[in-house]
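Have a look at target.cif; it's mmCIF, C-alpha atoms and all ligand atoms:
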data_coords
#
loop_
_atom_site.label_atom_id
_atom_site.label_comp_id
_atom_site.auth_asym_id
_atom_site.auth_seq_id
_atom_site.Cartn_x
_atom_site.Cartn_y
_atom_site.Cartn_z
CA MET A 256 90.69 104.40 82.55
CA LYS A 257 92.25 107.84 82.71
CA LEU A 258 95.64 108.05 84.38
CA ASN A 259 95.73 110.37 87.35
CA GLU A 260 98.23 113.20 87.04
CA LYS A 261 99.82 112.30 90.37
CA GLY A 262 99.78 108.51 90.55
CA LEU A 263 101.45 106.15 88.11
CA LEU A 264 100.46 102.63 87.27
CA VAL A 265 103.67 100.59 87.40
CA ILE A 266 103.69 97.08 86.00
CA ILE A 267 106.47 94.83 87.32
CA SER A 268 106.59 91.77 85.14
CA GLY A 269 108.87 89.02 83.86
CA PRO A 270 109.23 85.25 84.02
CA SER A 271 108.10 83.31 87.06
CA GLY A 272 110.90 82.78 89.59
CA VAL A 273 112.81 85.88 88.55
CA GLY A 274 112.22 87.52 91.94
CA LYS A 275 109.43 89.99 91.14
CA GLY A 276 107.78 89.47 94.52
CA THR A 277 110.99 89.94 96.50
CA ILE A 278 111.87 93.08 94.55
CA ARG A 279 108.39 94.46 95.08
CA LYS A 280 108.71 93.91 98.84
CA ALA A 281 112.11 95.67 98.85
CA LEU A 282 110.57 98.55 96.90
CA PHE A 283 107.91 99.02 99.56
CA GLU A 284 110.63 99.19 102.24
CA ILE A 285 112.11 102.34 100.67
CA PRO A 286 111.21 105.16 103.11
CA ASP A 287 108.65 107.85 102.28
CA ASN A 288 107.22 106.06 99.30
CA ASN A 289 103.72 106.67 98.01
CA PHE A 290 103.22 103.14 96.70
CA CYS A 291 100.31 100.85 97.11
CA TYR A 292 100.24 97.25 96.04
CA SER A 293 97.51 95.83 93.90
CA VAL A 294 96.63 92.49 95.51
CA SER A 295 95.78 89.98 92.79
CA MET A 296 93.11 87.34 92.78
CA THR A 297 94.05 83.72 92.12
CA THR A 298 92.57 80.25 92.03
CA ARG A 299 95.83 78.65 93.19
CA LYS A 300 96.09 77.33 96.74
CA PRO A 301 97.93 79.46 99.32
CA ARG A 302 101.57 78.53 100.00
CA PRO A 303 102.60 78.17 103.65
CA GLY A 304 102.74 81.63 105.23
CA GLU A 305 100.66 83.34 102.54
CA VAL A 306 97.81 85.47 103.84
CA ASP A 307 94.47 85.89 102.09
CA GLY A 308 93.86 89.54 101.20
CA SER A 309 97.52 90.44 101.58
CA ASP A 310 99.47 88.11 99.25
CA TYR A 311 96.48 87.26 97.10
CA PHE A 312 92.73 87.02 97.29
CA PHE A 313 92.38 83.24 97.11
CA VAL A 314 89.14 82.31 95.38
CA THR A 315 87.45 79.36 93.69
CA ARG A 316 87.29 79.02 89.89
CA GLU A 317 83.57 79.88 90.07
CA GLU A 318 84.26 83.13 91.94
CA PHE A 319 87.02 84.00 89.50
CA GLN A 320 84.80 83.26 86.50
CA LYS A 321 82.04 85.44 87.98
CA ARG A 322 84.40 88.41 88.12
CA ILE A 323 85.53 87.78 84.53
CA ASP A 324 81.87 87.82 83.47
CA GLU A 325 81.34 91.11 85.31
CA ASN A 326 84.37 92.69 83.54
CA GLY A 327 85.95 93.14 86.95
CA PHE A 328 89.59 92.62 85.94
CA LEU A 329 92.09 95.05 84.47
CA GLU A 330 93.71 91.88 83.09
CA TYR A 331 93.79 88.19 83.87
CA ALA A 332 95.69 85.18 82.63
CA GLU A 333 95.85 81.45 83.08
CA PHE A 334 99.28 80.48 84.34
CA VAL A 335 100.32 76.81 84.62
CA GLY A 336 96.75 75.71 85.19
CA GLU A 337 95.58 78.46 87.56
CA TYR A 338 93.91 81.81 87.05
CA TYR A 339 95.49 85.10 88.16
CA GLY A 340 93.92 88.53 87.73
CA THR A 341 94.15 92.18 88.75
CA PRO A 342 90.88 93.49 90.23
CA MET A 343 89.95 96.77 88.57
CA ASP A 344 88.04 98.54 91.38
CA TYR A 345 90.97 98.82 93.83
CA ILE A 346 93.37 100.18 91.19
CA GLU A 347 90.93 102.87 90.07
CA LYS A 348 90.31 103.98 93.65
CA GLN A 349 94.01 104.22 94.53
CA MET A 350 94.99 106.03 91.37
CA GLU A 351 92.23 108.56 91.89
CA ALA A 352 93.73 109.15 95.35
CA GLY A 353 97.06 109.94 93.64
CA LYS A 354 98.91 106.79 94.76
CA GLU A 355 101.53 104.96 92.74
CA VAL A 356 99.94 101.60 92.11
CA ILE A 357 102.39 98.73 91.79
CA VAL A 358 101.11 95.69 89.93
CA GLU A 359 103.19 92.51 89.86
CA ILE A 360 102.05 90.17 87.10
CA GLU A 361 103.23 87.66 84.53
CA VAL A 362 103.90 88.51 80.90
CA GLN A 363 100.54 87.75 79.23
CA GLY A 364 98.75 89.99 81.72
CA ALA A 365 101.29 92.79 81.27
CA LEU A 366 100.76 92.74 77.51
CA GLN A 367 96.96 92.87 77.99
CA THR A 368 97.44 95.88 80.26
CA GLN A 369 99.61 97.56 77.63
CA GLU A 370 96.73 97.33 75.15
CA LYS A 371 94.35 98.94 77.64
CA ILE A 372 96.64 101.46 79.37
CA PRO A 373 99.72 102.17 77.22
CA GLU A 374 100.68 105.12 79.45
CA ALA A 375 101.41 102.79 82.39
CA VAL A 376 105.09 102.07 83.07
CA PHE A 377 106.16 98.58 82.00
CA ILE A 378 109.21 97.05 83.67
CA PHE A 379 110.60 93.63 82.72
CA ILE A 380 112.67 91.86 85.35
CA VAL A 381 115.34 89.44 84.13
CA PRO A 382 117.53 87.05 86.10
CA PRO A 383 121.32 87.52 85.99
CA SER A 384 121.52 84.11 84.25
CA LYS A 385 119.29 81.22 83.15
CA LYS A 386 120.90 79.04 85.81
CA ALA A 387 119.95 81.54 88.52
CA LEU A 388 116.29 81.30 87.51
CA ILE A 389 116.21 77.49 87.67
CA GLU A 390 117.95 77.57 91.07
CA ARG A 391 115.37 80.05 92.42
CA LEU A 392 112.45 77.93 91.28
CA LYS A 393 113.98 74.82 92.85
CA ASN A 394 114.87 76.56 96.10
CA ARG A 395 111.33 77.83 96.52
CA GLY A 396 110.47 74.18 97.17
CA THR A 397 106.76 74.73 96.61
CA ASP A 398 106.28 73.26 93.15
CA THR A 399 106.58 69.72 91.79
CA PRO A 400 109.45 69.05 89.31
CA GLU A 401 106.84 68.99 86.49
CA LYS A 402 105.51 72.42 87.46
CA ILE A 403 109.06 73.79 87.72
CA GLN A 404 109.80 72.43 84.25
CA LYS A 405 106.65 74.14 82.90
CA ARG A 406 107.66 77.44 84.50
CA VAL A 407 111.18 77.20 82.99
CA GLU A 408 109.81 76.49 79.51
CA LYS A 409 107.40 79.40 79.83
CA ALA A 410 110.26 81.68 80.94
CA GLU A 411 112.26 80.74 77.83
CA ARG A 412 109.37 81.87 75.62
CA GLU A 413 108.87 85.06 77.60
CA TYR A 414 112.44 86.38 77.29
CA SER A 415 111.73 87.13 73.64
CA LEU A 416 108.96 89.58 74.63
CA ALA A 417 111.19 91.87 76.68
CA TYR A 418 111.43 94.37 73.81
CA LYS A 419 107.76 95.31 74.36
CA TYR A 420 108.54 96.83 77.76
CA ASP A 421 109.70 100.35 78.64
CA TYR A 422 112.52 99.18 80.93
CA ILE A 423 114.55 96.06 81.67
CA VAL A 424 115.89 95.59 85.19
CA VAL A 425 118.34 92.80 86.04
CA ASN A 426 117.76 91.16 89.39
CA ASP A 427 121.44 90.80 90.25
CA ASP A 428 120.71 92.00 93.78
CA VAL A 429 117.23 92.61 95.20
CA HIS A 430 118.00 96.03 96.71
CA ASN A 431 119.81 97.23 93.59
CA ALA A 432 116.88 96.16 91.47
CA ALA A 433 114.39 97.91 93.80
CA ASP A 434 116.53 101.09 93.74
CA ARG A 435 116.56 101.05 89.95
CA ILE A 436 112.78 100.74 89.85
CA TYR A 437 112.46 103.61 92.32
CA ALA A 438 114.69 105.73 90.06
CA ILE A 439 112.59 104.80 87.02
CA ILE A 440 109.40 105.89 88.80
CA ARG A 441 110.92 109.23 89.78
CA ALA A 442 112.19 109.83 86.26
CA GLU A 443 108.81 108.90 84.78
CA HIS A 444 107.17 111.68 86.78
CA ALA A 445 109.51 114.19 85.15
CA LYS A 446 108.80 112.96 81.60
CA THR A 447 107.62 115.84 79.46
CA GLU A 448 104.36 114.19 78.41
CA ARG A 449 103.42 113.63 82.06
CA SER A 450 104.56 116.95 83.49
CA ILE A 451 104.02 119.52 80.73
CA HIS A 452 100.45 120.33 81.82
CA LYS A 453 101.63 121.19 85.32
CA TYR A 454 104.33 123.37 83.80
CA TYR A 455 101.85 125.25 81.63
CA LYS A 456 99.66 125.88 84.68
CA LEU A 457 102.74 127.28 86.42
CA LEU A 458 103.36 129.65 83.51
CA GLU A 459 99.75 130.79 83.67
CA GLY A 460 100.26 131.52 87.35
CA LYS A 461 97.71 128.93 88.50
P1 LIG A 501 102.82 82.51 91.84
O1 LIG A 501 101.96 81.28 91.72
O2 LIG A 501 104.29 82.16 91.80
O3 LIG A 501 102.45 83.37 93.02
O4 LIG A 501 102.54 83.43 90.57
C1 LIG A 501 102.69 82.91 89.28
C2 LIG A 501 102.81 84.06 88.30
O5 LIG A 501 101.60 84.79 88.23
C3 LIG A 501 103.89 85.06 88.71
O6 LIG A 501 104.65 85.37 87.55
C4 LIG A 501 103.09 86.26 89.18
O7 LIG A 501 103.76 87.48 88.99
C5 LIG A 501 101.89 86.16 88.28
N1 LIG A 501 100.73 86.91 88.78
C6 LIG A 501 100.40 87.21 90.05
N2 LIG A 501 99.28 87.93 90.08
C7 LIG A 501 98.89 88.11 88.80
C8 LIG A 501 97.80 88.82 88.19
O8 LIG A 501 96.95 89.43 88.82
N3 LIG A 501 97.73 88.76 86.84
C9 LIG A 501 98.64 88.10 86.08
N4 LIG A 501 98.50 88.15 84.77
N5 LIG A 501 99.68 87.45 86.63
C10 LIG A 501 99.81 87.45 87.98
#

Please re-express this file's structure in structure tokens.
Ligand code: 5GP
Amino acid sequence: MKLNEKGLLVIISGPSGVGKGTIRKALFEIPDNNFCYSVSMTTRKPRPGEVDGSDYFFVTREEFQKRIDENGFLEYAEFVGEYYGTPMDYIEKQMEAGKEVIVEIEVQGALQTQEKIPEAVFIFIVPPSKKALIERLKNRGTDTPEKIQKRVEKAEREYSLAYKYDYIVVNDDVHNAADRIYAIIRAEHAKTERSIHKYYKLLEGK
């Protein structure tokens, strides 16, 4: 996939329970943004209040497998027994329209995306402390103690992969974290390798 000059692909990733979803929502509340959210597909059951097509596309394992076979995912991963994936078609369409596409995924999927699209922006969210992460997972109240334990163990392994990302953002406060991501996106647009072509056109008077 070729990155559009205008729109960036921004990958928000990090351990489960770190607050990626809440930060993403706060990011979308920032006025005058040009963001669009890539809704993932999953085989897990909806949590109370979750809406199909808005939080996720909830599908069966057969439907998910069919899309894998058709090469329809930018990336996908199995996470504590369920599949999660980023549908390719929507992302391509939005990026062609010059939108900033925000993808919120776990670590395996982010690393797959890095192989395919290294020019995307990779942001790793970390909790202010290990204790804070465990508290968040417990407070969510949606998972069994066994599932929480699995998520915590997975998080421990994932911290060691943070060095593969372009940026690390601490979720000390949701709005601070969203502001930092907003600043990163703005700065990325000004990066020489992204903006030099526009500058050359300017010099040529185009
Ligand atoms: P949850 O079940 O808590 O909604 O999500 C579990 C994990 O899967 C979270 O870390 C979430 O960011 C991640 N996730 C959500 N959508 C995708 C996706 O499309 N691909 C990948 N690789 N991970 C995803």

Let me make sure I understand: among A:Ile285, A:Ser309, A:Asp427, A:Glu318, which one has the smallest atom-to-atom distance to Pro383 (chain A) if we use only C-alpha atoms? A:Asp427

Which protein, DNA or RNA residues have an atom within 10 Å of ligand LIG 501 (chain A), counting only C-alpha atoms and all ligand atoms, as a PyMOL selection string? chain A and resi 267-276+293-302+305+310-312+328-335+337-342+358-368+392+395+397-398+406+410

At a cut-off of 8 Å, using only C-alpha atoms, what residues contact Asn426 (chain A)? Leave out same-chain residues fewer than 2 positions from it and give the result as a ChimeraX atom specification. /A:273-274,380-383,424,428-429,431-432

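In this structure, CA of Glu355 (chain A) sits 17.8 Å away from CA of Lys453 (chain A).
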
Between CA of Arg435 (chain A) and CA of Tyr422 (chain A), what is the distance, to one decimal in Å?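 Value for the CA of Arg435 (chain A)-CA of Tyr422 (chain A) distance: 10.1 Å.
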
Which residues, written as a ChimeraX atom specification, have at least one atom at most 10 Å from region 373-376 of chain A, with all atoms listed in the file counted and residues fewer than 3 positions away on the same chain left out? /A:257-258,263-267,356-357,366-370,420-422,439-440,443,448-449

Would you mind telling me which residue in A:Pro303, A:Lys321, A:Ser384, A:Asn288 lies nearest to Ala438 (chain A) when using all atoms listed in the file?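 Looking at the shortest contact to Ala438 (chain A), the residue is A:Asn288.
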
One decimal, Å: what's the distance from CA of Thr399 (chain A) over to CA of Ala433 (chain A), could you say? 29.3 Å

Would you kindly place N, CA, C and O atoms on region 443-461 of chain A and return the model as a PDB file, in the frame of the given file?
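Saved as part-v6.pdb:
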ATOM      1  N   GLU A 443     110.059 108.897  85.546  1.00  0.00           N
ATOM      2  CA  GLU A 443     108.810 108.900  84.780  1.00  0.00           C
ATOM      3  C   GLU A 443     107.947 110.121  85.109  1.00  0.00           C
ATOM      4  O   GLU A 443     107.290 110.673  84.252  1.00  0.00           O
ATOM      5  N   HIS A 444     107.965 110.508  86.384  1.00  0.00           N
ATOM      6  CA  HIS A 444     107.170 111.680  86.780  1.00  0.00           C
ATOM      7  C   HIS A 444     107.651 112.947  86.088  1.00  0.00           C
ATOM      8  O   HIS A 444     106.891 113.873  85.880  1.00  0.00           O
ATOM      9  N   ALA A 445     108.947 112.983  85.758  1.00  0.00           N
ATOM     10  CA  ALA A 445     109.510 114.190  85.150  1.00  0.00           C
ATOM     11  C   ALA A 445     109.393 114.162  83.616  1.00  0.00           C
ATOM     12  O   ALA A 445     109.735 115.132  82.952  1.00  0.00           O
ATOM     13  N   LYS A 446     108.920 113.057  83.068  1.00  0.00           N
ATOM     14  CA  LYS A 446     108.800 112.960  81.600  1.00  0.00           C
ATOM     15  C   LYS A 446     107.922 114.100  81.090  1.00  0.00           C
ATOM     16  O   LYS A 446     106.879 114.393  81.677  1.00  0.00           O
ATOM     17  N   THR A 447     108.326 114.675  79.987  1.00  0.00           N
ATOM     18  CA  THR A 447     107.620 115.840  79.460  1.00  0.00           C
ATOM     19  C   THR A 447     106.119 115.563  79.300  1.00  0.00           C
ATOM     20  O   THR A 447     105.284 116.349  79.750  1.00  0.00           O
ATOM     21  N   GLU A 448     105.788 114.419  78.678  1.00  0.00           N
ATOM     22  CA  GLU A 448     104.360 114.190  78.410  1.00  0.00           C
ATOM     23  C   GLU A 448     103.533 114.063  79.694  1.00  0.00           C
ATOM     24  O   GLU A 448     102.333 114.263  79.687  1.00  0.00           O
ATOM     25  N   ARG A 449     104.174 113.725  80.800  1.00  0.00           N
ATOM     26  CA  ARG A 449     103.420 113.630  82.060  1.00  0.00           C
ATOM     27  C   ARG A 449     103.399 114.955  82.806  1.00  0.00           C
ATOM     28  O   ARG A 449     102.500 115.227  83.575  1.00  0.00           O
ATOM     29  N   SER A 450     104.440 115.772  82.624  1.00  0.00           N
ATOM     30  CA  SER A 450     104.560 116.950  83.490  1.00  0.00           C
ATOM     31  C   SER A 450     104.280 118.277  82.775  1.00  0.00           C
ATOM     32  O   SER A 450     104.161 119.302  83.424  1.00  0.00           O
ATOM     33  N   ILE A 451     104.146 118.259  81.459  1.00  0.00           N
ATOM     34  CA  ILE A 451     104.020 119.520  80.730  1.00  0.00           C
ATOM     35  C   ILE A 451     102.773 120.319  81.149  1.00  0.00           C
ATOM     36  O   ILE A 451     102.816 121.540  81.220  1.00  0.00           O
ATOM     37  N   HIS A 452     101.677 119.614  81.462  1.00  0.00           N
ATOM     38  CA  HIS A 452     100.450 120.330  81.820  1.00  0.00           C
ATOM     39  C   HIS A 452     100.633 121.118  83.103  1.00  0.00           C
ATOM     40  O   HIS A 452     100.177 122.254  83.226  1.00  0.00           O
ATOM     41  N   LYS A 453     101.364 120.492  84.039  1.00  0.00           N
ATOM     42  CA  LYS A 453     101.630 121.190  85.320  1.00  0.00           C
ATOM     43  C   LYS A 453     102.484 122.417  85.038  1.00  0.00           C
ATOM     44  O   LYS A 453     102.287 123.472  85.619  1.00  0.00           O
ATOM     45  N   TYR A 454     103.429 122.267  84.130  1.00  0.00           N
ATOM     46  CA  TYR A 454     104.330 123.370  83.800  1.00  0.00           C
ATOM     47  C   TYR A 454     103.570 124.522  83.161  1.00  0.00           C
ATOM     48  O   TYR A 454     103.766 125.687  83.512  1.00  0.00           O
ATOM     49  N   TYR A 455     102.657 124.193  82.267  1.00  0.00           N
ATOM     50  CA  TYR A 455     101.850 125.250  81.630  1.00  0.00           C
ATOM     51  C   TYR A 455     101.028 125.999  82.671  1.00  0.00           C
ATOM     52  O   TYR A 455     100.899 127.215  82.619  1.00  0.00           O
ATOM     53  N   LYS A 456     100.469 125.234  83.626  1.00  0.00           N
ATOM     54  CA  LYS A 456      99.660 125.880  84.680  1.00  0.00           C
ATOM     55  C   LYS A 456     100.529 126.859  85.463  1.00  0.00           C
ATOM     56  O   LYS A 456     100.103 127.947  85.827  1.00  0.00           O
ATOM     57  N   LEU A 457     101.779 126.440  85.677  1.00  0.00           N
ATOM     58  CA  LEU A 457     102.740 127.280  86.420  1.00  0.00           C
ATOM     59  C   LEU A 457     102.959 128.597  85.657  1.00  0.00           C
ATOM     60  O   LEU A 457     102.963 129.682  86.234  1.00  0.00           O
ATOM     61  N   LEU A 458     103.120 128.461  84.347  1.00  0.00           N
ATOM     62  CA  LEU A 458     103.360 129.650  83.510  1.00  0.00           C
ATOM     63  C   LEU A 458     102.163 130.589  83.537  1.00  0.00           C
ATOM     64  O   LEU A 458     102.301 131.801  83.495  1.00  0.00           O
ATOM     65  N   GLU A 459     100.968 129.969  83.627  1.00  0.00           N
ATOM     66  CA  GLU A 459      99.750 130.790  83.670  1.00  0.00           C
ATOM     67  C   GLU A 459      99.513 131.374  85.048  1.00  0.00           C
ATOM     68  O   GLU A 459      98.538 132.064  85.280  1.00  0.00           O
ATOM     69  N   GLY A 460     100.381 131.016  85.977  1.00  0.00           N
ATOM     70  CA  GLY A 460     100.260 131.520  87.350  1.00  0.00           C
ATOM     71  C   GLY A 460      99.179 130.846  88.144  1.00  0.00           C
ATOM     72  O   GLY A 460      98.648 131.437  89.094  1.00  0.00           O
ATOM     73  N   LYS A 461      98.792 129.625  87.762  1.00  0.00           N
ATOM     74  CA  LYS A 461      97.710 128.930  88.500  1.00  0.00           C
ATOM     75  C   LYS A 461      98.298 128.083  89.612  1.00  0.00           C
ATOM     76  O   LYS A 461      99.387 127.589  89.509  1.00  0.00           O
TER      77      LYS A 461
END
